[in-house]
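Below: run-v9.cif (mmCIF, C-alpha atoms)
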```cif
data_my_file
#
loop_
_atom_site.group_PDB
_atom_site.id
_atom_site.type_symbol
_atom_site.label_atom_id
_atom_site.label_comp_id
_atom_site.auth_asym_id
_atom_site.auth_seq_id
_atom_site.Cartn_x
_atom_site.Cartn_y
_atom_site.Cartn_z
ATOM 1 C CA MET H 1 36.811 114.816 137.797
ATOM 2 C CA THR H 2 39.276 112.186 138.970
ATOM 3 C CA GLN H 3 42.694 112.470 137.316
ATOM 4 C CA ARG H 4 43.418 109.413 135.199
ATOM 5 C CA LYS H 5 46.808 107.791 135.236
ATOM 6 C CA ALA H 6 49.145 108.846 132.496
ATOM 7 C CA PHE H 7 50.779 106.231 130.339
ATOM 8 C CA PRO H 8 52.994 105.624 127.663
ATOM 9 C CA ILE H 9 49.847 103.942 126.319
ATOM 10 C CA GLN H 10 47.392 102.774 128.969
ATOM 11 C CA LEU H 11 46.287 99.200 128.403
ATOM 12 C CA ASP H 12 42.923 97.866 129.566
ATOM 13 C CA SER H 13 41.183 94.581 128.810
ATOM 14 C CA LEU H 14 37.419 94.590 128.392
ATOM 15 C CA SER H 15 37.151 90.852 127.971
ATOM 16 C CA SER H 16 36.306 90.278 131.636
ATOM 17 C CA ASN H 17 33.437 91.566 133.712
ATOM 18 C CA GLN H 18 35.738 91.957 136.678
ATOM 19 C CA PRO H 19 37.859 95.124 136.917
ATOM 20 C CA LYS H 20 41.557 94.487 136.697
ATOM 21 C CA ALA H 21 44.374 96.518 138.160
ATOM 22 C CA LYS H 22 46.484 98.268 135.557
ATOM 23 C CA ALA H 23 50.039 97.069 135.590
ATOM 24 C CA PRO H 24 52.872 99.556 135.126
ATOM 25 C CA VAL H 25 54.665 99.356 131.806
ATOM 26 C CA SER H 26 57.653 97.723 133.448
ATOM 27 C CA ALA H 27 55.413 94.926 134.719
ATOM 28 C CA GLN H 28 53.835 94.108 131.388
ATOM 29 C CA ARG H 29 54.883 90.902 129.654
ATOM 30 C CA PRO H 30 57.917 91.839 127.530
ATOM 31 C CA LEU H 31 57.645 91.370 123.805
ATOM 32 C CA PRO H 32 60.332 89.564 121.826
ATOM 33 C CA VAL H 33 62.777 91.994 120.299
ATOM 34 C CA THR H 34 62.094 90.577 116.853
ATOM 35 C CA ALA H 35 58.307 90.689 117.206
ATOM 36 C CA VAL H 36 57.808 93.956 115.327
ATOM 37 C CA PRO H 37 60.311 94.694 112.540
ATOM 38 C CA ARG H 38 60.217 98.400 111.799
ATOM 39 C CA PRO H 39 59.530 99.427 108.196
ATOM 40 C CA VAL H 40 62.512 100.837 106.357
ATOM 41 C CA GLY H 41 62.897 102.637 103.067
ATOM 42 C CA VAL H 42 61.394 106.047 103.882
ATOM 43 C CA GLY H 43 64.031 107.357 106.229
ATOM 44 C CA LEU H 44 64.781 111.062 106.248
ATOM 45 C CA ASP H 45 62.468 111.610 103.272
ATOM 46 C CA SER H 46 59.399 110.844 105.387
ATOM 47 C CA LEU H 47 58.961 114.486 106.436
ATOM 48 C CA ALA H 48 58.939 115.659 102.831
ATOM 49 C CA MET H 49 56.537 112.849 101.916
ATOM 50 C CA ARG H 50 54.206 113.746 104.785
ATOM 51 C CA ASN H 51 54.284 117.380 103.714
ATOM 52 C CA ARG H 52 53.303 116.387 100.196
ATOM 53 C CA MET H 53 50.511 114.212 101.590
ATOM 54 C CA VAL H 54 49.214 117.153 103.644
ATOM 55 C CA GLN H 55 49.333 119.409 100.586
ATOM 56 C CA LYS H 56 47.246 116.886 98.657
ATOM 57 C CA LEU H 57 44.771 116.659 101.553
ATOM 58 C CA ALA H 58 44.395 120.440 101.553
ATOM 59 C CA ALA H 59 43.932 120.445 97.779
ATOM 60 C CA SER H 60 41.227 117.774 98.104
ATOM 61 C CA GLY H 61 39.183 119.986 100.438
ATOM 62 C CA ILE H 62 40.437 119.336 103.982
ATOM 63 C CA GLN H 63 40.465 122.804 105.550
ATOM 64 C CA ASP H 64 40.880 122.284 109.302
ATOM 65 C CA ALA H 65 44.400 123.438 110.168
ATOM 66 C CA HIS H 66 44.466 121.299 113.316
ATOM 67 C CA VAL H 67 43.675 118.177 111.296
ATOM 68 C CA LEU H 68 46.269 118.967 108.631
ATOM 69 C CA LYS H 69 48.894 119.567 111.313
ATOM 70 C CA ALA H 70 48.063 116.260 113.039
ATOM 71 C CA MET H 71 48.195 114.359 109.745
ATOM 72 C CA GLY H 72 51.609 115.852 109.067
ATOM 73 C CA ALA H 73 52.881 114.982 112.532
ATOM 74 C CA VAL H 74 52.209 111.221 112.471
ATOM 75 C CA GLU H 75 54.567 108.958 110.526
ATOM 76 C CA ARG H 76 52.164 106.721 108.618
ATOM 77 C CA HIS H 77 54.985 104.488 107.390
ATOM 78 C CA GLN H 78 55.464 103.270 110.966
ATOM 79 C CA PHE H 79 52.026 101.627 110.823
ATOM 80 C CA VAL H 80 52.190 99.691 107.548
ATOM 81 C CA GLU H 81 53.833 96.400 106.646
ATOM 82 C CA THR H 82 57.483 96.540 105.604
ATOM 83 C CA GLY H 83 56.739 95.495 102.044
ATOM 84 C CA LEU H 84 54.224 98.327 101.624
ATOM 85 C CA VAL H 85 56.249 101.131 103.176
ATOM 86 C CA ASN H 86 56.792 102.888 99.838
ATOM 87 C CA GLN H 87 53.016 103.287 99.523
ATOM 88 C CA ALA H 88 52.599 104.680 103.032
ATOM 89 C CA TYR H 89 51.924 108.272 101.958
ATOM 90 C CA GLU H 90 49.758 107.509 98.952
ATOM 91 C CA ASP H 91 46.029 108.088 99.316
ATOM 92 C CA THR H 92 45.189 104.417 99.467
ATOM 93 C CA SER H 93 44.085 101.887 102.048
ATOM 94 C CA LEU H 94 46.576 99.111 102.786
ATOM 95 C CA PRO H 95 46.224 95.664 104.397
ATOM 96 C CA ILE H 96 47.356 95.369 108.016
ATOM 97 C CA GLY H 97 46.515 91.706 108.589
ATOM 98 C CA LEU H 98 43.534 89.716 109.888
ATOM 99 C CA GLY H 99 41.422 90.952 106.982
ATOM 100 C CA GLN H 100 41.666 94.595 108.120
ATOM 101 C CA THR H 101 43.081 97.705 106.470
ATOM 102 C CA ILE H 102 44.564 101.077 107.343
ATOM 103 C CA SER H 103 42.216 103.723 105.975
ATOM 104 C CA LYS H 104 43.162 106.178 103.245
ATOM 105 C CA PRO H 105 44.717 109.388 104.622
ATOM 106 C CA ASN H 106 41.920 111.381 102.994
ATOM 107 C CA VAL H 107 39.258 109.330 104.774
ATOM 108 C CA VAL H 108 41.024 109.658 108.142
ATOM 109 C CA ALA H 109 41.369 113.420 107.709
ATOM 110 C CA ARG H 110 37.781 113.813 106.495
ATOM 111 C CA MET H 111 36.279 111.917 109.440
ATOM 112 C CA ILE H 112 38.381 113.761 112.008
ATOM 113 C CA GLU H 113 37.522 117.107 110.409
ATOM 114 C CA LEU H 114 33.838 116.199 110.695
ATOM 115 C CA LEU H 115 34.423 115.161 114.294
ATOM 116 C CA ARG H 116 36.007 118.517 115.156
ATOM 117 C CA ASN H 117 33.218 120.450 113.427
ATOM 118 C CA GLY H 118 35.225 123.669 113.316
ATOM 119 C CA SER H 119 36.209 123.603 116.996
ATOM 120 C CA ALA H 120 38.671 126.366 117.874
ATOM 121 C CA GLY H 121 40.701 124.200 120.244
ATOM 122 C CA PRO H 122 41.327 120.519 120.942
ATOM 123 C CA LEU H 123 38.462 118.117 121.441
ATOM 124 C CA GLY H 124 37.881 116.699 124.895
ATOM 125 C CA ARG H 125 37.714 112.951 125.507
ATOM 126 C CA VAL H 126 37.348 110.848 122.332
ATOM 127 C CA LEU H 127 36.322 107.207 121.880
ATOM 128 C CA GLU H 128 37.636 105.376 118.812
ATOM 129 C CA VAL H 129 36.026 102.067 117.881
ATOM 130 C CA GLY H 130 38.420 99.932 115.861
ATOM 131 C CA THR H 131 42.061 100.663 116.707
ATOM 132 C CA GLY H 132 43.410 98.638 113.799
ATOM 133 C CA CYS H 133 47.132 99.279 113.451
ATOM 134 C CA GLY H 134 46.905 102.406 115.634
ATOM 135 C CA TYR H 135 47.434 105.092 112.977
ATOM 136 C CA GLN H 136 44.144 106.957 113.387
ATOM 137 C CA ALA H 137 44.470 106.731 117.175
ATOM 138 C CA ALA H 138 47.844 108.468 116.904
ATOM 139 C CA VAL H 139 46.351 111.236 114.765
ATOM 140 C CA LEU H 140 43.454 111.629 117.208
ATOM 141 C CA SER H 141 45.905 112.025 120.089
ATOM 142 C CA HIS H 142 47.065 115.277 118.475
ATOM 143 C CA ILE H 143 43.596 116.835 118.327
ATOM 144 C CA ALA H 144 42.036 115.588 121.594
ATOM 145 C CA THR H 145 42.877 115.894 125.265
ATOM 146 C CA GLU H 146 42.334 112.160 125.814
ATOM 147 C CA VAL H 147 41.687 109.206 123.490
ATOM 148 C CA TYR H 148 40.270 105.767 124.302
ATOM 149 C CA SER H 149 40.667 103.320 121.412
ATOM 150 C CA ILE H 150 39.066 99.851 121.428
ATOM 151 C CA GLU H 151 39.988 96.875 119.252
ATOM 152 C CA ARG H 152 38.135 93.523 119.241
ATOM 153 C CA LEU H 153 40.886 91.511 117.509
ATOM 154 C CA LYS H 154 43.661 90.584 119.920
ATOM 155 C CA GLY H 155 46.276 90.384 117.183
ATOM 156 C CA LEU H 156 45.569 93.922 116.016
ATOM 157 C CA HIS H 157 45.378 95.253 119.559
ATOM 158 C CA GLU H 158 48.877 93.922 120.162
ATOM 159 C CA LYS H 159 50.118 95.227 116.819
ATOM 160 C CA ALA H 160 48.814 98.710 117.617
ATOM 161 C CA ARG H 161 50.448 98.562 121.036
ATOM 162 C CA ASP H 162 53.766 97.677 119.414
ATOM 163 C CA ASN H 163 53.419 100.340 116.715
ATOM 164 C CA LEU H 164 52.584 103.055 119.226
ATOM 165 C CA ARG H 165 54.969 102.167 122.024
ATOM 166 C CA SER H 166 57.837 104.343 120.787
ATOM 167 C CA PHE H 167 55.537 107.350 120.311
ATOM 168 C CA ARG H 168 54.807 107.445 124.059
ATOM 169 C CA LEU H 169 51.479 109.245 123.653
ATOM 170 C CA ARG H 170 50.422 109.835 127.243
ATOM 171 C CA ASN H 171 46.852 110.827 126.382
ATOM 172 C CA LEU H 172 46.161 107.632 124.404
ATOM 173 C CA HIS H 173 44.636 104.543 126.045
ATOM 174 C CA LEU H 174 44.413 101.247 124.131
ATOM 175 C CA LEU H 175 41.744 98.750 125.105
ATOM 176 C CA PHE H 176 40.997 95.189 124.027
ATOM 177 C CA GLY H 177 37.285 94.497 123.961
ATOM 178 C CA ASP H 178 33.964 94.642 122.159
ATOM 179 C CA GLY H 179 33.782 98.062 120.546
ATOM 180 C CA MET H 180 30.031 97.815 120.020
ATOM 181 C CA ALA H 181 29.681 98.119 123.793
ATOM 182 C CA GLY H 182 31.817 101.242 123.855
ATOM 183 C CA PHE H 183 33.720 101.948 127.069
ATOM 184 C CA ALA H 184 31.384 103.226 129.763
ATOM 185 C CA LYS H 185 34.170 103.888 132.280
ATOM 186 C CA GLY H 186 35.560 106.658 130.082
ATOM 187 C CA ALA H 187 32.193 108.249 129.241
ATOM 188 C CA PRO H 188 30.858 110.761 128.525
ATOM 189 C CA TYR H 189 32.767 111.423 125.296
ATOM 190 C CA ALA H 190 32.962 114.696 123.448
ATOM 191 C CA ALA H 191 33.341 112.678 120.255
ATOM 192 C CA ILE H 192 33.071 109.086 119.048
ATOM 193 C CA ILE H 193 34.542 107.792 115.793
ATOM 194 C CA ALA H 194 34.192 104.310 114.298
ATOM 195 C CA ALA H 195 36.382 102.526 111.758
ATOM 196 C CA ALA H 196 33.856 99.816 110.915
ATOM 197 C CA GLY H 197 30.364 99.992 109.471
ATOM 198 C CA GLY H 198 27.217 98.379 110.851
ATOM 199 C CA ASP H 199 23.521 98.429 110.005
ATOM 200 C CA SER H 200 22.844 100.924 112.779
ATOM 201 C CA ILE H 201 24.605 102.894 115.487
ATOM 202 C CA PRO H 202 24.862 100.891 118.725
ATOM 203 C CA GLN H 203 22.781 102.318 121.563
ATOM 204 C CA ALA H 204 25.816 102.151 123.853
ATOM 205 C CA TRP H 205 27.593 104.744 121.717
ATOM 206 C CA LEU H 206 24.643 107.104 121.843
ATOM 207 C CA ASP H 207 24.375 106.668 125.606
ATOM 208 C CA GLN H 208 28.092 107.361 126.098
ATOM 209 C CA LEU H 209 28.145 110.468 123.893
ATOM 210 C CA ALA H 210 28.169 113.686 125.909
ATOM 211 C CA LEU H 211 25.490 116.320 125.495
ATOM 212 C CA GLY H 212 26.776 118.525 122.694
ATOM 213 C CA GLY H 213 28.990 115.695 121.470
ATOM 214 C CA ARG H 214 29.357 114.373 117.930
ATOM 215 C CA LEU H 215 29.636 110.861 116.503
ATOM 216 C CA VAL H 216 31.040 110.000 113.048
ATOM 217 C CA ALA H 217 30.694 106.473 111.703
ATOM 218 C CA PRO H 218 30.061 104.503 108.516
ATOM 219 C CA ILE H 219 26.559 103.008 108.429
ATOM 220 C CA VAL H 220 24.845 100.715 105.931
ATOM 221 C CA THR H 221 21.991 102.708 104.395
ATOM 222 C CA MET H 222 18.667 101.496 102.990
ATOM 223 C CA THR H 223 20.351 101.072 99.602
ATOM 224 C CA GLY H 224 22.643 98.440 101.108
ATOM 225 C CA HIS H 225 25.758 100.595 100.762
ATOM 226 C CA GLN H 226 27.827 102.308 103.429
ATOM 227 C CA ALA H 227 27.792 106.061 103.934
ATOM 228 C CA LEU H 228 29.350 108.364 106.492
ATOM 229 C CA VAL H 229 26.852 109.400 109.136
ATOM 230 C CA VAL H 230 27.232 112.312 111.548
ATOM 231 C CA VAL H 231 25.152 112.280 114.734
ATOM 232 C CA ASP H 232 24.953 115.238 117.115
ATOM 233 C CA LYS H 233 23.542 114.904 120.629
ATOM 234 C CA THR H 234 21.520 117.935 121.669
ATOM 235 C CA ALA H 235 19.234 118.792 124.554
ATOM 236 C CA GLN H 236 16.312 118.023 122.239
ATOM 237 C CA GLY H 237 17.675 114.631 121.173
ATOM 238 C CA PHE H 238 19.782 113.403 118.263
ATOM 239 C CA THR H 239 20.222 114.918 114.816
ATOM 240 C CA GLN H 240 21.649 112.910 111.930
ATOM 241 C CA GLN H 241 23.318 113.723 108.620
ATOM 242 C CA VAL H 242 24.022 111.128 105.933
ATOM 243 C CA LEU H 243 27.029 112.102 103.813
ATOM 244 C CA GLU H 244 29.190 110.507 101.116
ATOM 245 C CA ALA H 245 29.543 106.824 100.319
ATOM 246 C CA VAL H 246 32.454 104.985 101.963
ATOM 247 C CA HIS H 247 33.747 101.450 102.251
ATOM 248 C CA PHE H 248 34.814 100.103 105.650
ATOM 249 C CA VAL H 249 35.120 96.632 107.095
ATOM 250 C CA PRO H 250 31.911 95.341 108.766
ATOM 251 C CA LEU H 251 31.203 96.242 112.389
ATOM 252 C CA LYS H 252 31.168 93.070 114.492
ATOM 253 C CA SER H 253 30.497 92.278 118.139
ATOM 254 C CA GLY H 254 32.538 90.147 120.499
ATOM 255 C CA ILE H 255 36.287 89.638 120.719
ATOM 256 C CA SER H 256 38.611 87.319 118.851
#
```
What is this structure when it is put down as structure tokens?
Amino acid sequence: MTQRKAFPIQLDSLSSNQPKAKAPVSAQRPLPVTAVPRPVGVGLDSLAMRNRMVQKLAASGIQDAHVLKAMGAVERHQFVETGLVNQAYEDTSLPIGLGQTISKPNVVARMIELLRNGSAGPLGRVLEVGTGCGYQAAVLSHIATEVYSIERLKGLHEKARDNLRSFRLRNLHLLFGDGMAGFAKGAPYAAIIAAAGGDSIPQAWLDQLALGGRLVAPIVTMTGHQALVVVDKTAQGFTQQVLEAVHFVPLKSGIS
């Protein structure tokens, strides 16, 4: 397999049908220094707050040690708005702009635990649909060898890039494009995870899932409500499990 370029966050645009050369970080358009004010107010207490969050996740039923470790490693307060920083480690979703939210820590941990499915080691290549502010992508980078994360809203794609820049996660690639189309260039994926719920699972995701791979996504059921769905790709075809009710933003096509 061809070795992919390492980054401090690889940036790709999916908005064009023509392949584009990837510019080095030094060649990217510089952002204004004041563009992304960093949240304050957590400071040195953030480690203790993350530890308490992890303890609550374990008490709620999250058992995968790799997931708990990843949740404890990522500073969630770096991904929320300044005015909400004191709520960063509460088990609540928070607005991140453009009508989107950062998911509850419990939901993030639950979906990633389902994605890992008891794996002894790290997952292989993972596709995330819906980067949002970049928090879940950062957590995924700790449990996978490589992560591709797609966002359809330009403003959020840029916000995630800014949020993640200082983390310098070399196995994380951010892409701007239509997540419903997946990212065929990175396929096949050992796992696919979606942060938005549609009426059905796009065929592109199923096609790009590796044999033996697993997909976790919210889907609107026949009752009209969203539920977590787990899809496994086997040699005999696909198997599906419908789990607990959830509430995610709607899955949409196109870019904006």
With a cut-off of 12 Å, could you pull out the residues of region 175-226 of chain H touching region 100-108 of chain H and give me the nearest pair of atoms for each, distance in Å to one decimal, using all atoms listed in the file, ordered by chain and ascending number, as a Markdown table?
```
| residue | atom | partner | partner_atom | distance |
| --- | --- | --- | --- | --- |
| H:Ile193 | CA | H:Val108 | CA | 10.2 |
| H:Ala194 | CA | H:Val108 | CA | 10.6 |
| H:Ala195 | CA | H:Ser103 | CA | 8.3 |
| H:Ala196 | CA | H:Gln100 | CA | 9.8 |
| H:Val216 | CA | H:Val108 | CA | 11.1 |
| H:Ala217 | CA | H:Val107 | CA | 11.4 |
| H:Pro218 | CA | H:Val107 | CA | 11.0 |
```
Problem - Two-atom distance - CA of Leu174 (chain H), CA of Ser149 (chain H) (Å) - result: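 The value is 5.1 Å.
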Handout entry: Long-range neighbours of region 85-95 of chain H as number ranges by chain, 12 Å cut-off, all atoms listed in the file, 4 positions minimum in chain
Key = H: 38-43, 45-57, 60, 71-72, 74-81, 99-109, 132-133, 135, 156, 247-249
Exercise for the section: Go through H:Met222, H:Ala65, H:Ala138, H:Leu127 and flag the residue nearest Ala210 (chain H), using only C-alpha atoms for the distances. Expected result: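 Selected residue with least distance to Ala210 (chain H): H:Leu127.
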Exercise for the section: Write out as a ChimeraX atom specification each polymer residue whose atoms come within 9 Å of Leu206 (chain H), counting only C-alpha atoms; drop sequence neighbours fewer than 2 positions from it. Expected result: /H:201-204,208-210,215,231,233,238
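If you measure from each of H:Thr131, H:Asn117, H:Gln226, H:Gln241 to Lys159 (chain H) using only C-alpha atoms, the closest one turns out to be H:Thr131.
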Exercise for the section: May I ask for the distance between CA of Ile62 (chain H) and CA of Gly224 (chain H), given in Å to one decimal place? Expected result: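 So the answer is 27.6 Å.
Pairwise distance (CA of Ser119 (chain H), CA of Val147 (chain H)) equals 16.7 Å.
Of the listed residues H:Thr221, H:Gln63, H:Gln236, H:Ser256, the one whose atoms come nearest to Arg116 (chain H) is H:Gln63, with distances taken using all atoms listed in the file.
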Box in all listed atoms of region 177-183 of chain H, axis-aligned, with 3 Å more on each side; write out centre and edge lengths in Å to one decimal as AutoDock Vina command-line options.
```
--center_x 33.5 --center_y 98.2 --center_z 123.5 --size_x 13.6 --size_y 13.5 --size_z 13.0
```
Tell me which protein, DNA and RNA residues are within 10 Å of His66 (chain H), counting only C-alpha atoms, leaving out same-chain ones fewer than 6 positions away, and put them as a PDB file with C-alpha atoms, in the coordinates of the input.
```pdb
ATOM      1  CA  GLY H  72      51.609 115.852 109.067  1.00  0.00           C
ATOM      2  CA  ILE H 112      38.381 113.761 112.008  1.00  0.00           C
ATOM      3  CA  GLU H 113      37.522 117.107 110.409  1.00  0.00           C
ATOM      4  CA  ARG H 116      36.007 118.517 115.156  1.00  0.00           C
ATOM      5  CA  GLY H 118      35.225 123.669 113.316  1.00  0.00           C
ATOM      6  CA  SER H 119      36.209 123.603 116.996  1.00  0.00           C
ATOM      7  CA  ALA H 120      38.671 126.366 117.874  1.00  0.00           C
ATOM      8  CA  GLY H 121      40.701 124.200 120.244  1.00  0.00           C
ATOM      9  CA  PRO H 122      41.327 120.519 120.942  1.00  0.00           C
ATOM     10  CA  HIS H 142      47.065 115.277 118.475  1.00  0.00           C
ATOM     11  CA  ILE H 143      43.596 116.835 118.327  1.00  0.00           C
TER      12      ILE H 143
END
```
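These residues, each with an atom at most 7 Å from (29.1, 107.8, 103.6) using only C-alpha atoms, are Pro218, Gln226, Ala227, Leu228, Val229, Val242, Leu243, Glu244, Ala245 and Val246 of chain H.
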Completion exercise
Judged by all atoms listed in the file, the minimum distance to Ala58 (chain H) among H:Pro250, H:Leu115, H:Arg110, H:Ser200 is found for H:Arg110
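In this comparison, which uses all atoms listed in the file, the residue of H:Met111, H:Ala187, H:Ala137, H:Leu153 approaching His173 (chain H) most closely is H:Ala137.
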Handout entry: Point (29.1, 97.3, 109.5) neighbourhood (7 Å, all atoms listed in the file) written as a ChimeraX atom specification
Key = /H:196-199,219-220,249-252
